[in-house]
$ cat coords.txt   # compact mmCIF, N, CA and C atoms and all ligand atoms
# COMPACT_ATOMS: atom_id res chain seq x y z
N MET A 232 105.83 8.78 8.10
CA MET A 232 107.12 9.46 8.33
C MET A 232 107.09 10.28 9.61
N ALA A 233 105.90 10.80 9.95
CA ALA A 233 105.78 11.65 11.15
C ALA A 233 106.22 10.87 12.39
N ASP A 234 105.84 9.59 12.44
CA ASP A 234 106.18 8.77 13.60
C ASP A 234 107.69 8.59 13.73
N LEU A 235 108.30 8.35 12.57
CA LEU A 235 109.74 8.14 12.54
C LEU A 235 110.45 9.41 13.01
N ARG A 236 109.95 10.53 12.53
CA ARG A 236 110.53 11.81 12.91
C ARG A 236 110.44 12.04 14.42
N GLU A 237 109.29 11.69 14.97
CA GLU A 237 109.10 11.82 16.41
C GLU A 237 110.07 10.93 17.18
N LEU A 238 110.21 9.72 16.68
CA LEU A 238 111.12 8.77 17.31
C LEU A 238 112.54 9.34 17.29
N TYR A 239 112.93 9.87 16.14
CA TYR A 239 114.27 10.44 16.00
C TYR A 239 114.46 11.59 16.99
N GLN A 240 113.41 12.43 17.12
CA GLN A 240 113.53 13.56 18.04
C GLN A 240 113.67 13.09 19.47
N GLU A 241 112.97 12.01 19.78
CA GLU A 241 113.06 11.44 21.12
C GLU A 241 114.48 10.96 21.42
N VAL A 242 115.08 10.29 20.44
CA VAL A 242 116.45 9.78 20.63
C VAL A 242 117.41 10.95 20.84
N ILE A 243 117.26 12.00 20.04
CA ILE A 243 118.14 13.16 20.15
C ILE A 243 117.97 13.82 21.52
N LEU A 244 116.73 13.95 21.95
CA LEU A 244 116.42 14.55 23.24
C LEU A 244 117.02 13.73 24.38
N ASP A 245 116.89 12.43 24.27
CA ASP A 245 117.42 11.52 25.28
C ASP A 245 118.94 11.69 25.41
N HIS A 246 119.63 11.76 24.27
CA HIS A 246 121.09 11.89 24.30
C HIS A 246 121.53 13.30 24.72
N THR A 247 120.63 14.29 24.56
CA THR A 247 120.96 15.64 25.01
C THR A 247 120.86 15.72 26.53
N LYS A 248 119.80 15.10 27.05
CA LYS A 248 119.57 15.14 28.50
C LYS A 248 120.53 14.22 29.24
N ASN A 249 120.78 13.06 28.68
CA ASN A 249 121.65 12.06 29.32
C ASN A 249 122.74 11.64 28.37
N PRO A 250 123.69 12.55 28.10
CA PRO A 250 124.73 12.19 27.12
C PRO A 250 125.55 10.98 27.58
N ARG A 251 125.79 10.06 26.67
CA ARG A 251 126.57 8.87 26.99
C ARG A 251 128.05 9.20 26.87
N ASN A 252 128.86 8.52 27.67
CA ASN A 252 130.32 8.69 27.60
C ASN A 252 130.73 10.15 27.80
N TYR A 253 129.94 10.85 28.62
CA TYR A 253 130.24 12.26 28.89
C TYR A 253 131.17 12.35 30.10
N ARG A 254 132.45 12.28 29.82
CA ARG A 254 133.45 12.26 30.89
C ARG A 254 134.82 12.54 30.29
N THR A 255 135.75 12.97 31.15
CA THR A 255 137.12 13.07 30.69
C THR A 255 137.72 11.67 30.76
N MET A 256 138.87 11.49 30.15
CA MET A 256 139.50 10.17 30.16
C MET A 256 140.96 10.35 30.55
N ALA A 257 141.29 9.91 31.77
CA ALA A 257 142.64 10.13 32.28
C ALA A 257 143.68 9.37 31.45
N ASP A 258 143.31 8.20 30.95
CA ASP A 258 144.29 7.38 30.22
C ASP A 258 144.05 7.42 28.70
N ALA A 259 143.51 8.54 28.23
CA ALA A 259 143.28 8.68 26.79
C ALA A 259 144.62 8.62 26.04
N THR A 260 144.63 8.00 24.88
CA THR A 260 145.85 7.97 24.08
C THR A 260 145.80 9.03 22.98
N ALA A 261 144.62 9.59 22.75
CA ALA A 261 144.48 10.66 21.76
C ALA A 261 143.32 11.54 22.18
N GLN A 262 143.44 12.83 21.90
CA GLN A 262 142.31 13.72 22.16
C GLN A 262 142.42 14.95 21.28
N ALA A 263 141.30 15.63 21.07
CA ALA A 263 141.31 16.84 20.26
C ALA A 263 140.15 17.73 20.71
N ASP A 264 140.29 19.02 20.42
CA ASP A 264 139.26 20.00 20.75
C ASP A 264 138.62 20.51 19.48
N GLY A 265 137.31 20.71 19.54
CA GLY A 265 136.59 21.26 18.40
C GLY A 265 135.79 22.48 18.80
N ASN A 266 135.60 23.38 17.85
CA ASN A 266 134.95 24.64 18.11
C ASN A 266 134.08 25.01 16.91
N ASN A 267 132.83 25.30 17.17
CA ASN A 267 131.93 25.75 16.11
C ASN A 267 131.41 27.13 16.49
N PRO A 268 132.17 28.19 16.11
CA PRO A 268 131.84 29.53 16.59
C PRO A 268 130.47 30.03 16.12
N LEU A 269 130.00 29.52 15.01
CA LEU A 269 128.69 29.97 14.51
C LEU A 269 127.58 29.72 15.51
N CYS A 270 127.71 28.62 16.25
CA CYS A 270 126.65 28.24 17.18
C CYS A 270 127.13 28.35 18.63
N GLY A 271 128.46 28.34 18.82
CA GLY A 271 129.00 28.37 20.18
C GLY A 271 129.24 26.99 20.75
N ASP A 272 129.28 25.97 19.89
CA ASP A 272 129.52 24.60 20.36
C ASP A 272 131.01 24.38 20.56
N ARG A 273 131.33 23.73 21.68
CA ARG A 273 132.71 23.32 21.94
C ARG A 273 132.71 21.89 22.40
N VAL A 274 133.69 21.14 21.95
CA VAL A 274 133.75 19.74 22.34
C VAL A 274 135.21 19.28 22.45
N THR A 275 135.46 18.43 23.42
CA THR A 275 136.74 17.73 23.50
C THR A 275 136.43 16.25 23.36
N VAL A 276 137.12 15.59 22.43
CA VAL A 276 136.92 14.16 22.21
C VAL A 276 138.14 13.42 22.75
N TYR A 277 137.90 12.39 23.56
CA TYR A 277 138.97 11.56 24.11
C TYR A 277 138.87 10.16 23.53
N LEU A 278 140.02 9.60 23.17
CA LEU A 278 140.03 8.25 22.63
C LEU A 278 141.09 7.42 23.32
N LYS A 279 140.77 6.14 23.44
CA LYS A 279 141.79 5.19 23.88
C LYS A 279 141.95 4.20 22.73
N LEU A 280 143.14 4.22 22.16
CA LEU A 280 143.40 3.35 21.02
C LEU A 280 144.27 2.18 21.44
N ASP A 281 143.89 1.02 20.93
CA ASP A 281 144.73 -0.17 21.12
C ASP A 281 145.15 -0.59 19.72
N GLY A 282 146.37 -0.20 19.33
CA GLY A 282 146.79 -0.41 17.95
C GLY A 282 145.89 0.42 17.05
N ASP A 283 145.12 -0.25 16.24
CA ASP A 283 144.29 0.43 15.28
C ASP A 283 142.83 0.56 15.74
N ARG A 284 142.55 0.00 16.90
CA ARG A 284 141.16 -0.07 17.34
C ARG A 284 140.85 0.95 18.43
N ILE A 285 139.66 1.57 18.30
CA ILE A 285 139.19 2.51 19.32
C ILE A 285 138.52 1.69 20.42
N VAL A 286 139.19 1.54 21.55
CA VAL A 286 138.61 0.70 22.61
C VAL A 286 137.75 1.52 23.56
N ASP A 287 137.97 2.84 23.58
CA ASP A 287 137.10 3.68 24.40
C ASP A 287 137.03 5.06 23.79
N ALA A 288 135.86 5.69 23.92
CA ALA A 288 135.67 7.04 23.39
C ALA A 288 134.78 7.81 24.37
N SER A 289 135.14 9.07 24.63
CA SER A 289 134.30 9.89 25.50
C SER A 289 134.42 11.34 25.04
N PHE A 290 133.58 12.20 25.62
CA PHE A 290 133.65 13.60 25.24
C PHE A 290 133.22 14.48 26.40
N GLN A 291 133.60 15.76 26.28
CA GLN A 291 133.16 16.80 27.20
C GLN A 291 132.90 18.02 26.36
N GLY A 292 132.09 18.91 26.87
CA GLY A 292 131.89 20.13 26.10
C GLY A 292 130.55 20.75 26.40
N GLN A 293 130.28 21.81 25.66
CA GLN A 293 128.98 22.43 25.80
C GLN A 293 128.54 22.95 24.46
N GLY A 294 127.25 22.98 24.29
CA GLY A 294 126.73 23.45 23.02
C GLY A 294 125.26 23.14 22.90
N CYS A 295 124.77 23.23 21.69
CA CYS A 295 123.35 23.02 21.46
C CYS A 295 123.00 21.54 21.53
N ALA A 296 121.71 21.27 21.50
CA ALA A 296 121.22 19.89 21.60
C ALA A 296 121.77 19.00 20.49
N ILE A 297 121.86 19.55 19.28
CA ILE A 297 122.32 18.73 18.16
C ILE A 297 123.80 18.36 18.34
N SER A 298 124.62 19.33 18.75
CA SER A 298 126.05 19.04 18.88
C SER A 298 126.31 18.04 20.00
N LYS A 299 125.56 18.19 21.09
CA LYS A 299 125.77 17.32 22.25
C LYS A 299 125.28 15.90 21.96
N SER A 300 124.09 15.80 21.40
CA SER A 300 123.55 14.46 21.13
C SER A 300 124.36 13.77 20.04
N SER A 301 124.87 14.54 19.08
CA SER A 301 125.67 13.94 18.02
C SER A 301 126.98 13.38 18.59
N ALA A 302 127.60 14.13 19.50
CA ALA A 302 128.84 13.65 20.13
C ALA A 302 128.56 12.39 20.95
N SER A 303 127.44 12.40 21.66
CA SER A 303 127.07 11.25 22.50
C SER A 303 126.88 9.99 21.64
N ILE A 304 126.11 10.13 20.58
CA ILE A 304 125.83 8.97 19.72
C ILE A 304 127.10 8.55 18.98
N MET A 305 127.95 9.51 18.63
CA MET A 305 129.20 9.18 17.95
C MET A 305 130.10 8.32 18.84
N THR A 306 130.23 8.70 20.11
CA THR A 306 131.13 7.93 20.99
C THR A 306 130.64 6.48 21.10
N GLU A 307 129.32 6.32 21.12
CA GLU A 307 128.77 4.95 21.15
C GLU A 307 129.07 4.22 19.84
N ALA A 308 128.94 4.97 18.74
CA ALA A 308 129.06 4.33 17.42
C ALA A 308 130.49 3.90 17.09
N VAL A 309 131.48 4.65 17.58
CA VAL A 309 132.85 4.34 17.14
C VAL A 309 133.59 3.39 18.10
N LYS A 310 133.03 3.19 19.28
CA LYS A 310 133.68 2.31 20.24
C LYS A 310 133.76 0.90 19.66
N GLY A 311 134.97 0.34 19.67
CA GLY A 311 135.15 -1.01 19.14
C GLY A 311 135.51 -1.02 17.66
N LYS A 312 135.42 0.14 17.01
CA LYS A 312 135.73 0.20 15.58
C LYS A 312 137.21 0.50 15.35
N THR A 313 137.69 0.12 14.16
CA THR A 313 139.05 0.50 13.79
C THR A 313 139.01 1.95 13.28
N ARG A 314 140.20 2.54 13.15
CA ARG A 314 140.28 3.90 12.58
C ARG A 314 139.58 3.96 11.23
N ALA A 315 139.86 2.97 10.38
CA ALA A 315 139.31 2.98 9.03
C ALA A 315 137.79 2.86 9.06
N GLU A 316 137.29 2.02 9.94
CA GLU A 316 135.82 1.86 10.05
C GLU A 316 135.17 3.15 10.53
N ALA A 317 135.83 3.84 11.47
CA ALA A 317 135.30 5.10 11.98
C ALA A 317 135.28 6.16 10.87
N GLU A 318 136.32 6.16 10.03
CA GLU A 318 136.38 7.11 8.90
C GLU A 318 135.24 6.86 7.91
N VAL A 319 135.00 5.58 7.63
CA VAL A 319 133.91 5.22 6.70
C VAL A 319 132.57 5.67 7.26
N LEU A 320 132.40 5.46 8.56
CA LEU A 320 131.15 5.86 9.21
C LEU A 320 130.96 7.37 9.12
N PHE A 321 132.04 8.13 9.34
CA PHE A 321 131.96 9.58 9.23
C PHE A 321 131.59 10.00 7.81
N ASP A 322 132.20 9.36 6.82
CA ASP A 322 131.89 9.69 5.43
C ASP A 322 130.40 9.47 5.15
N ARG A 323 129.88 8.33 5.61
CA ARG A 323 128.45 8.03 5.39
C ARG A 323 127.57 9.05 6.09
N PHE A 324 127.94 9.35 7.34
CA PHE A 324 127.18 10.30 8.15
C PHE A 324 127.18 11.68 7.48
N HIS A 325 128.36 12.09 7.03
CA HIS A 325 128.50 13.40 6.40
C HIS A 325 127.70 13.49 5.11
N GLU A 326 127.74 12.38 4.36
CA GLU A 326 126.96 12.30 3.13
C GLU A 326 125.47 12.50 3.42
N MET A 327 125.01 11.88 4.49
CA MET A 327 123.60 11.95 4.85
C MET A 327 123.20 13.37 5.24
N ILE A 328 124.01 14.02 6.11
CA ILE A 328 123.59 15.32 6.63
C ILE A 328 123.84 16.45 5.64
N THR A 329 124.65 16.20 4.61
CA THR A 329 124.84 17.24 3.59
C THR A 329 124.10 16.87 2.31
N GLY A 330 123.39 15.77 2.34
CA GLY A 330 122.68 15.32 1.15
C GLY A 330 121.36 16.03 0.96
N LYS A 331 120.64 15.60 -0.05
CA LYS A 331 119.32 16.19 -0.33
C LYS A 331 118.36 15.77 0.78
N PRO A 332 117.59 16.73 1.32
CA PRO A 332 116.61 16.33 2.32
C PRO A 332 115.66 15.28 1.74
N GLY A 333 115.42 14.25 2.51
CA GLY A 333 114.50 13.21 2.06
C GLY A 333 115.14 12.13 1.20
N ALA A 334 116.45 12.27 0.94
CA ALA A 334 117.15 11.25 0.16
C ALA A 334 117.18 9.95 0.97
N PRO A 335 117.17 8.81 0.28
CA PRO A 335 117.18 7.55 1.03
C PRO A 335 118.44 7.41 1.87
N VAL A 336 118.27 6.84 3.06
CA VAL A 336 119.38 6.72 4.00
C VAL A 336 119.64 5.24 4.26
N ASP A 337 120.89 4.87 4.29
CA ASP A 337 121.27 3.48 4.56
C ASP A 337 121.23 3.25 6.08
N GLY A 338 120.04 2.97 6.57
CA GLY A 338 119.83 2.84 8.01
C GLY A 338 120.65 1.71 8.62
N LYS A 339 120.90 0.68 7.83
CA LYS A 339 121.63 -0.47 8.34
C LYS A 339 123.09 -0.10 8.63
N ALA A 340 123.68 0.65 7.70
CA ALA A 340 125.08 1.05 7.87
C ALA A 340 125.21 2.13 8.95
N LEU A 341 124.21 3.00 9.04
CA LEU A 341 124.33 4.15 9.93
C LEU A 341 123.83 3.88 11.34
N GLY A 342 122.96 2.91 11.50
CA GLY A 342 122.42 2.62 12.83
C GLY A 342 121.75 3.84 13.42
N LYS A 343 122.06 4.12 14.68
CA LYS A 343 121.41 5.21 15.40
C LYS A 343 121.74 6.58 14.80
N LEU A 344 122.85 6.64 14.05
CA LEU A 344 123.25 7.93 13.44
C LEU A 344 122.19 8.45 12.48
N ALA A 345 121.32 7.56 12.01
CA ALA A 345 120.27 7.95 11.07
C ALA A 345 119.30 8.96 11.67
N VAL A 346 119.29 9.09 13.01
CA VAL A 346 118.37 10.06 13.62
C VAL A 346 118.69 11.50 13.20
N PHE A 347 119.90 11.72 12.68
CA PHE A 347 120.28 13.07 12.28
C PHE A 347 119.97 13.39 10.83
N GLN A 348 119.23 12.52 10.15
CA GLN A 348 118.99 12.77 8.72
C GLN A 348 118.22 14.07 8.49
N GLY A 349 117.37 14.48 9.46
CA GLY A 349 116.61 15.71 9.30
C GLY A 349 117.49 16.95 9.27
N VAL A 350 118.73 16.82 9.74
CA VAL A 350 119.66 17.95 9.79
C VAL A 350 119.94 18.49 8.39
N SER A 351 119.85 17.64 7.37
CA SER A 351 120.14 18.08 6.00
C SER A 351 119.21 19.20 5.55
N GLU A 352 118.09 19.37 6.25
CA GLU A 352 117.17 20.46 5.91
C GLU A 352 117.63 21.79 6.50
N PHE A 353 118.61 21.75 7.40
CA PHE A 353 119.03 22.96 8.09
C PHE A 353 120.55 23.12 7.98
N PRO A 354 121.01 23.77 6.90
CA PRO A 354 122.45 23.84 6.63
C PRO A 354 123.29 24.33 7.80
N LEU A 355 122.76 25.25 8.61
CA LEU A 355 123.56 25.74 9.74
C LEU A 355 123.79 24.66 10.78
N ARG A 356 122.84 23.73 10.85
CA ARG A 356 122.93 22.66 11.84
C ARG A 356 123.91 21.56 11.45
N VAL A 357 124.30 21.55 10.18
CA VAL A 357 125.23 20.52 9.71
C VAL A 357 126.53 20.60 10.50
N LYS A 358 126.97 21.84 10.78
CA LYS A 358 128.22 22.01 11.54
C LYS A 358 128.07 21.53 12.98
N CYS A 359 126.90 21.77 13.55
CA CYS A 359 126.64 21.30 14.91
C CYS A 359 126.73 19.77 14.95
N ALA A 360 126.12 19.14 13.96
CA ALA A 360 126.05 17.68 13.94
C ALA A 360 127.39 17.04 13.61
N SER A 361 128.25 17.78 12.87
CA SER A 361 129.50 17.16 12.44
C SER A 361 130.71 17.58 13.27
N LEU A 362 130.53 18.53 14.20
CA LEU A 362 131.66 19.02 14.99
C LEU A 362 132.42 17.90 15.69
N ALA A 363 131.68 17.04 16.40
CA ALA A 363 132.34 15.95 17.14
C ALA A 363 133.10 15.03 16.19
N TRP A 364 132.54 14.83 15.01
CA TRP A 364 133.18 13.93 14.04
C TRP A 364 134.47 14.51 13.48
N HIS A 365 134.44 15.82 13.16
CA HIS A 365 135.67 16.47 12.68
C HIS A 365 136.73 16.41 13.78
N THR A 366 136.28 16.57 15.02
CA THR A 366 137.20 16.54 16.16
C THR A 366 137.76 15.13 16.35
N LEU A 367 136.91 14.13 16.17
CA LEU A 367 137.36 12.74 16.23
C LEU A 367 138.44 12.48 15.19
N ARG A 368 138.19 12.97 13.98
CA ARG A 368 139.15 12.74 12.90
C ARG A 368 140.50 13.37 13.25
N SER A 369 140.44 14.55 13.86
CA SER A 369 141.68 15.23 14.25
C SER A 369 142.41 14.44 15.34
N ALA A 370 141.64 13.89 16.28
CA ALA A 370 142.25 13.08 17.34
C ALA A 370 142.90 11.83 16.74
N LEU A 371 142.23 11.22 15.78
CA LEU A 371 142.76 10.02 15.15
C LEU A 371 144.04 10.33 14.37
N ALA A 372 144.09 11.53 13.79
CA ALA A 372 145.26 11.93 13.02
C ALA A 372 146.36 12.47 13.92
N GLU A 373 146.04 12.59 15.23
CA GLU A 373 146.96 13.16 16.20
C GLU A 373 147.50 14.51 15.75
N LYS A 374 146.53 15.31 15.27
CA LYS A 374 146.87 16.67 14.85
C LYS A 374 146.75 17.59 16.04
N PRO A 375 147.78 18.38 16.31
CA PRO A 375 147.66 19.33 17.42
C PRO A 375 146.76 20.52 17.03
N GLY A 376 146.30 21.24 18.04
CA GLY A 376 145.50 22.43 17.77
C GLY A 376 144.02 22.17 17.88
N ILE A 377 143.25 23.21 17.63
CA ILE A 377 141.80 23.13 17.79
C ILE A 377 141.15 23.10 16.40
N VAL A 378 140.21 22.19 16.23
CA VAL A 378 139.45 22.14 14.98
C VAL A 378 138.41 23.24 15.04
N THR A 379 138.45 24.17 14.12
CA THR A 379 137.43 25.21 14.07
C THR A 379 136.66 25.12 12.77
N LEU A 380 135.37 25.00 12.89
CA LEU A 380 134.52 24.94 11.68
C LEU A 380 134.13 26.36 11.33
N GLU A 381 134.37 26.76 10.11
CA GLU A 381 134.00 28.12 9.70
C GLU A 381 132.83 28.07 8.75
ZN ZN B 1 125.16 23.92 17.59
$ encode --input "coords.txt" --output "structure tokens"
Amino acid sequence: MADLRELYQEVILDHTKNPRNYRTMADATAQADGNNPLCGDRVTVYLKLDGDRIVDASFQGQGCAISKSSASIMTEAVKGKTRAEAEVLFDRFHEMITGKPGAPVDGKALGKLAVFQGVSEFPLRVKCASLAWHTLRSALAEKPGIVTLE
């Protein structure tokens, strides 16, 4: 397990240093802002929707390593997915990070998102890891205002 944990940390570090899809999107069709005051994480999620499908996703923001890498991996994970598929993925992800530490994880369904399974051991970090996802959900729902996690 130690090796797997190291690998996961490497992936998180890589996405923190070189976040993917870290850009604004001039032709975004939906966007939302998220705020996690407990940690000081802020994120803006941009989406380009074609009907029901997310054809492009990007983000901007600042925050801790977990919030940044989670947003980066999320934008990769939801690109090409439908709204419903993205919601299912969020539910699975949320289940994992709020579940019992060490509980079995469906790596096949979660893909790279599985690197955040260790977060379940640190309740304060759950908000960091889920901020981008809550913000994504708000963008998909086209809800105005800022998502604030309390
Ligand atoms: Zn954070």
$ closest_residue --input "coords.txt" --among "A:Met305, A:Val357, A:Val378, A:Ala370" --to "Leu278 in chain A" --atoms "only N, CA and C atoms"
A:Ala370
$ closest_atom_pairs --input "coords.txt" --of "chain A" --to "ligand ZN 1 (chain B)" --cutoff "6.5 Å" --atoms "all atoms listed in the file" --output "Markdown table"
| residue | atom | partner | partner_atom | distance |
| --- | --- | --- | --- | --- |
| A:Cys270 | CA | B:ZN1 | ZN | 4.6 |
| A:Gly271 | N | B:ZN1 | ZN | 5.7 |
| A:Asp272 | N | B:ZN1 | ZN | 5.1 |
| A:Gly294 | C | B:ZN1 | ZN | 5.4 |
| A:Cys295 | N | B:ZN1 | ZN | 4.2 |
| A:Ala296 | N | B:ZN1 | ZN | 5.8 |
| A:Ile297 | N | B:ZN1 | ZN | 5.7 |
| A:Ser298 | N | B:ZN1 | ZN | 4.8 |
| A:Arg356 | CA | B:ZN1 | ZN | 6.3 |
| A:Lys358 | C | B:ZN1 | ZN | 6.0 |
| A:Cys359 | CA | B:ZN1 | ZN | 4.0 |
| A:Ala360 | N | B:ZN1 | ZN | 6.1 |
$ select_by_dssp --input "coords.txt" --residues "chain A" --states "strand (DSSP E or B)" --output "mmCIF file with N, CA and C atoms, in the frame of the given file"
data_model
loop_
_atom_site.group_PDB
_atom_site.id
_atom_site.type_symbol
_atom_site.label_atom_id
_atom_site.label_comp_id
_atom_site.auth_asym_id
_atom_site.auth_seq_id
_atom_site.Cartn_x
_atom_site.Cartn_y
_atom_site.Cartn_z
ATOM 1 N N TYR A 253 129.940 10.850 28.620
ATOM 2 C CA TYR A 253 130.240 12.260 28.890
ATOM 3 C C TYR A 253 131.170 12.350 30.100
ATOM 4 N N ALA A 261 144.620 9.590 22.750
ATOM 5 C CA ALA A 261 144.480 10.660 21.760
ATOM 6 C C ALA A 261 143.320 11.540 22.180
ATOM 7 N N GLN A 262 143.440 12.830 21.900
ATOM 8 C CA GLN A 262 142.310 13.720 22.160
ATOM 9 C C GLN A 262 142.420 14.950 21.280
ATOM 10 N N ALA A 263 141.300 15.630 21.070
ATOM 11 C CA ALA A 263 141.310 16.840 20.260
ATOM 12 C C ALA A 263 140.150 17.730 20.710
ATOM 13 N N ASP A 264 140.290 19.020 20.420
ATOM 14 C CA ASP A 264 139.260 20.000 20.750
ATOM 15 C C ASP A 264 138.620 20.510 19.480
ATOM 16 N N GLY A 265 137.310 20.710 19.540
ATOM 17 C CA GLY A 265 136.590 21.260 18.400
ATOM 18 C C GLY A 265 135.790 22.480 18.800
ATOM 19 N N ASN A 266 135.600 23.380 17.850
ATOM 20 C CA ASN A 266 134.950 24.640 18.110
ATOM 21 C C ASN A 266 134.080 25.010 16.910
ATOM 22 N N ASN A 267 132.830 25.300 17.170
ATOM 23 C CA ASN A 267 131.930 25.750 16.110
ATOM 24 C C ASN A 267 131.410 27.130 16.490
ATOM 25 N N ASP A 272 129.280 25.970 19.890
ATOM 26 C CA ASP A 272 129.520 24.600 20.360
ATOM 27 C C ASP A 272 131.010 24.380 20.560
ATOM 28 N N ARG A 273 131.330 23.730 21.680
ATOM 29 C CA ARG A 273 132.710 23.320 21.940
ATOM 30 C C ARG A 273 132.710 21.890 22.400
ATOM 31 N N VAL A 274 133.690 21.140 21.950
ATOM 32 C CA VAL A 274 133.750 19.740 22.340
ATOM 33 C C VAL A 274 135.210 19.280 22.450
ATOM 34 N N THR A 275 135.460 18.430 23.420
ATOM 35 C CA THR A 275 136.740 17.730 23.500
ATOM 36 C C THR A 275 136.430 16.250 23.360
ATOM 37 N N VAL A 276 137.120 15.590 22.430
ATOM 38 C CA VAL A 276 136.920 14.160 22.210
ATOM 39 C C VAL A 276 138.140 13.420 22.750
ATOM 40 N N TYR A 277 137.900 12.390 23.560
ATOM 41 C CA TYR A 277 138.970 11.560 24.110
ATOM 42 C C TYR A 277 138.870 10.160 23.530
ATOM 43 N N LEU A 278 140.020 9.600 23.170
ATOM 44 C CA LEU A 278 140.030 8.250 22.630
ATOM 45 C C LEU A 278 141.090 7.420 23.320
ATOM 46 N N LYS A 279 140.770 6.140 23.440
ATOM 47 C CA LYS A 279 141.790 5.190 23.880
ATOM 48 C C LYS A 279 141.950 4.200 22.730
ATOM 49 N N LEU A 280 143.140 4.220 22.160
ATOM 50 C CA LEU A 280 143.400 3.350 21.020
ATOM 51 C C LEU A 280 144.270 2.180 21.440
ATOM 52 N N ASP A 281 143.890 1.020 20.930
ATOM 53 C CA ASP A 281 144.730 -0.170 21.120
ATOM 54 C C ASP A 281 145.150 -0.590 19.720
ATOM 55 N N ARG A 284 142.550 0.000 16.900
ATOM 56 C CA ARG A 284 141.160 -0.070 17.340
ATOM 57 C C ARG A 284 140.850 0.950 18.430
ATOM 58 N N ILE A 285 139.660 1.570 18.300
ATOM 59 C CA ILE A 285 139.190 2.510 19.320
ATOM 60 C C ILE A 285 138.520 1.690 20.420
ATOM 61 N N VAL A 286 139.190 1.540 21.550
ATOM 62 C CA VAL A 286 138.610 0.700 22.610
ATOM 63 C C VAL A 286 137.750 1.520 23.560
ATOM 64 N N ASP A 287 137.970 2.840 23.580
ATOM 65 C CA ASP A 287 137.100 3.680 24.400
ATOM 66 C C ASP A 287 137.030 5.060 23.790
ATOM 67 N N ALA A 288 135.860 5.690 23.920
ATOM 68 C CA ALA A 288 135.670 7.040 23.390
ATOM 69 C C ALA A 288 134.780 7.810 24.370
ATOM 70 N N SER A 289 135.140 9.070 24.630
ATOM 71 C CA SER A 289 134.300 9.890 25.500
ATOM 72 C C SER A 289 134.420 11.340 25.040
ATOM 73 N N PHE A 290 133.580 12.200 25.620
ATOM 74 C CA PHE A 290 133.650 13.600 25.240
ATOM 75 C C PHE A 290 133.220 14.480 26.400
ATOM 76 N N GLN A 291 133.600 15.760 26.280
ATOM 77 C CA GLN A 291 133.160 16.800 27.200
ATOM 78 C C GLN A 291 132.900 18.020 26.360
ATOM 79 N N GLY A 292 132.090 18.910 26.870
ATOM 80 C CA GLY A 292 131.890 20.130 26.100
ATOM 81 C C GLY A 292 130.550 20.750 26.400
ATOM 82 N N GLN A 293 130.280 21.810 25.660
ATOM 83 C CA GLN A 293 128.980 22.430 25.800
ATOM 84 C C GLN A 293 128.540 22.950 24.460
ATOM 85 N N THR A 313 137.690 0.120 14.160
ATOM 86 C CA THR A 313 139.050 0.500 13.790
ATOM 87 C C THR A 313 139.010 1.950 13.280
ATOM 88 N N ILE A 377 143.250 23.210 17.630
ATOM 89 C CA ILE A 377 141.800 23.130 17.790
ATOM 90 C C ILE A 377 141.150 23.100 16.400
ATOM 91 N N VAL A 378 140.210 22.190 16.230
ATOM 92 C CA VAL A 378 139.450 22.140 14.980
ATOM 93 C C VAL A 378 138.410 23.240 15.040
ATOM 94 N N THR A 379 138.450 24.170 14.120
ATOM 95 C CA THR A 379 137.430 25.210 14.070
ATOM 96 C C THR A 379 136.660 25.120 12.770
#
$ closest_residue --input "coords.txt" --among "A:Thr260, A:Gln293, A:Gln240, A:Ser303" --to "Phe347 in chain A" --atoms "only C-alpha atoms"
A:Gln240
$ residues_near_point --input "coords.txt" --point "(118.3, 9.9, 17.5)" --cutoff "7 Å" --atoms "all atoms listed in the file" --output "list of chain:residue names"
A:Leu238, A:Tyr239, A:Gln240, A:Glu241, A:Val242, A:Ile243, A:Leu244, A:Lys343, A:Leu344, A:Ala345, A:Val346, A:Phe347
$ atom_distance --input "coords.txt" --atom1 "CA of Ser351 in chain A" --atom2 "CA of Gly376 in chain A"
28.3 Å
$ closest_residue --input "coords.txt" --among "A:Lys248, A:Ser300, A:Gly330, A:Thr366" --to "Val276 in chain A" --atoms "only N, CA and C atoms"
A:Thr366
$ atom_distance --input "coords.txt" --atom1 "atom N of Thr313 in chain A" --atom2 "atom N of Ala288 in chain A"
11.4 Å
$ select_by_dssp --input "coords.txt" --residues "range 241-303 of chain A" --states "helix (DSSP H, G or I)" --output "list of chain:residue names"
A:Glu241, A:Val242, A:Ile243, A:Leu244, A:Asp245, A:His246, A:Thr247, A:Lys248, A:Ala296, A:Ile297, A:Ser298, A:Lys299, A:Ser300, A:Ser301, A:Ala302, A:Ser303
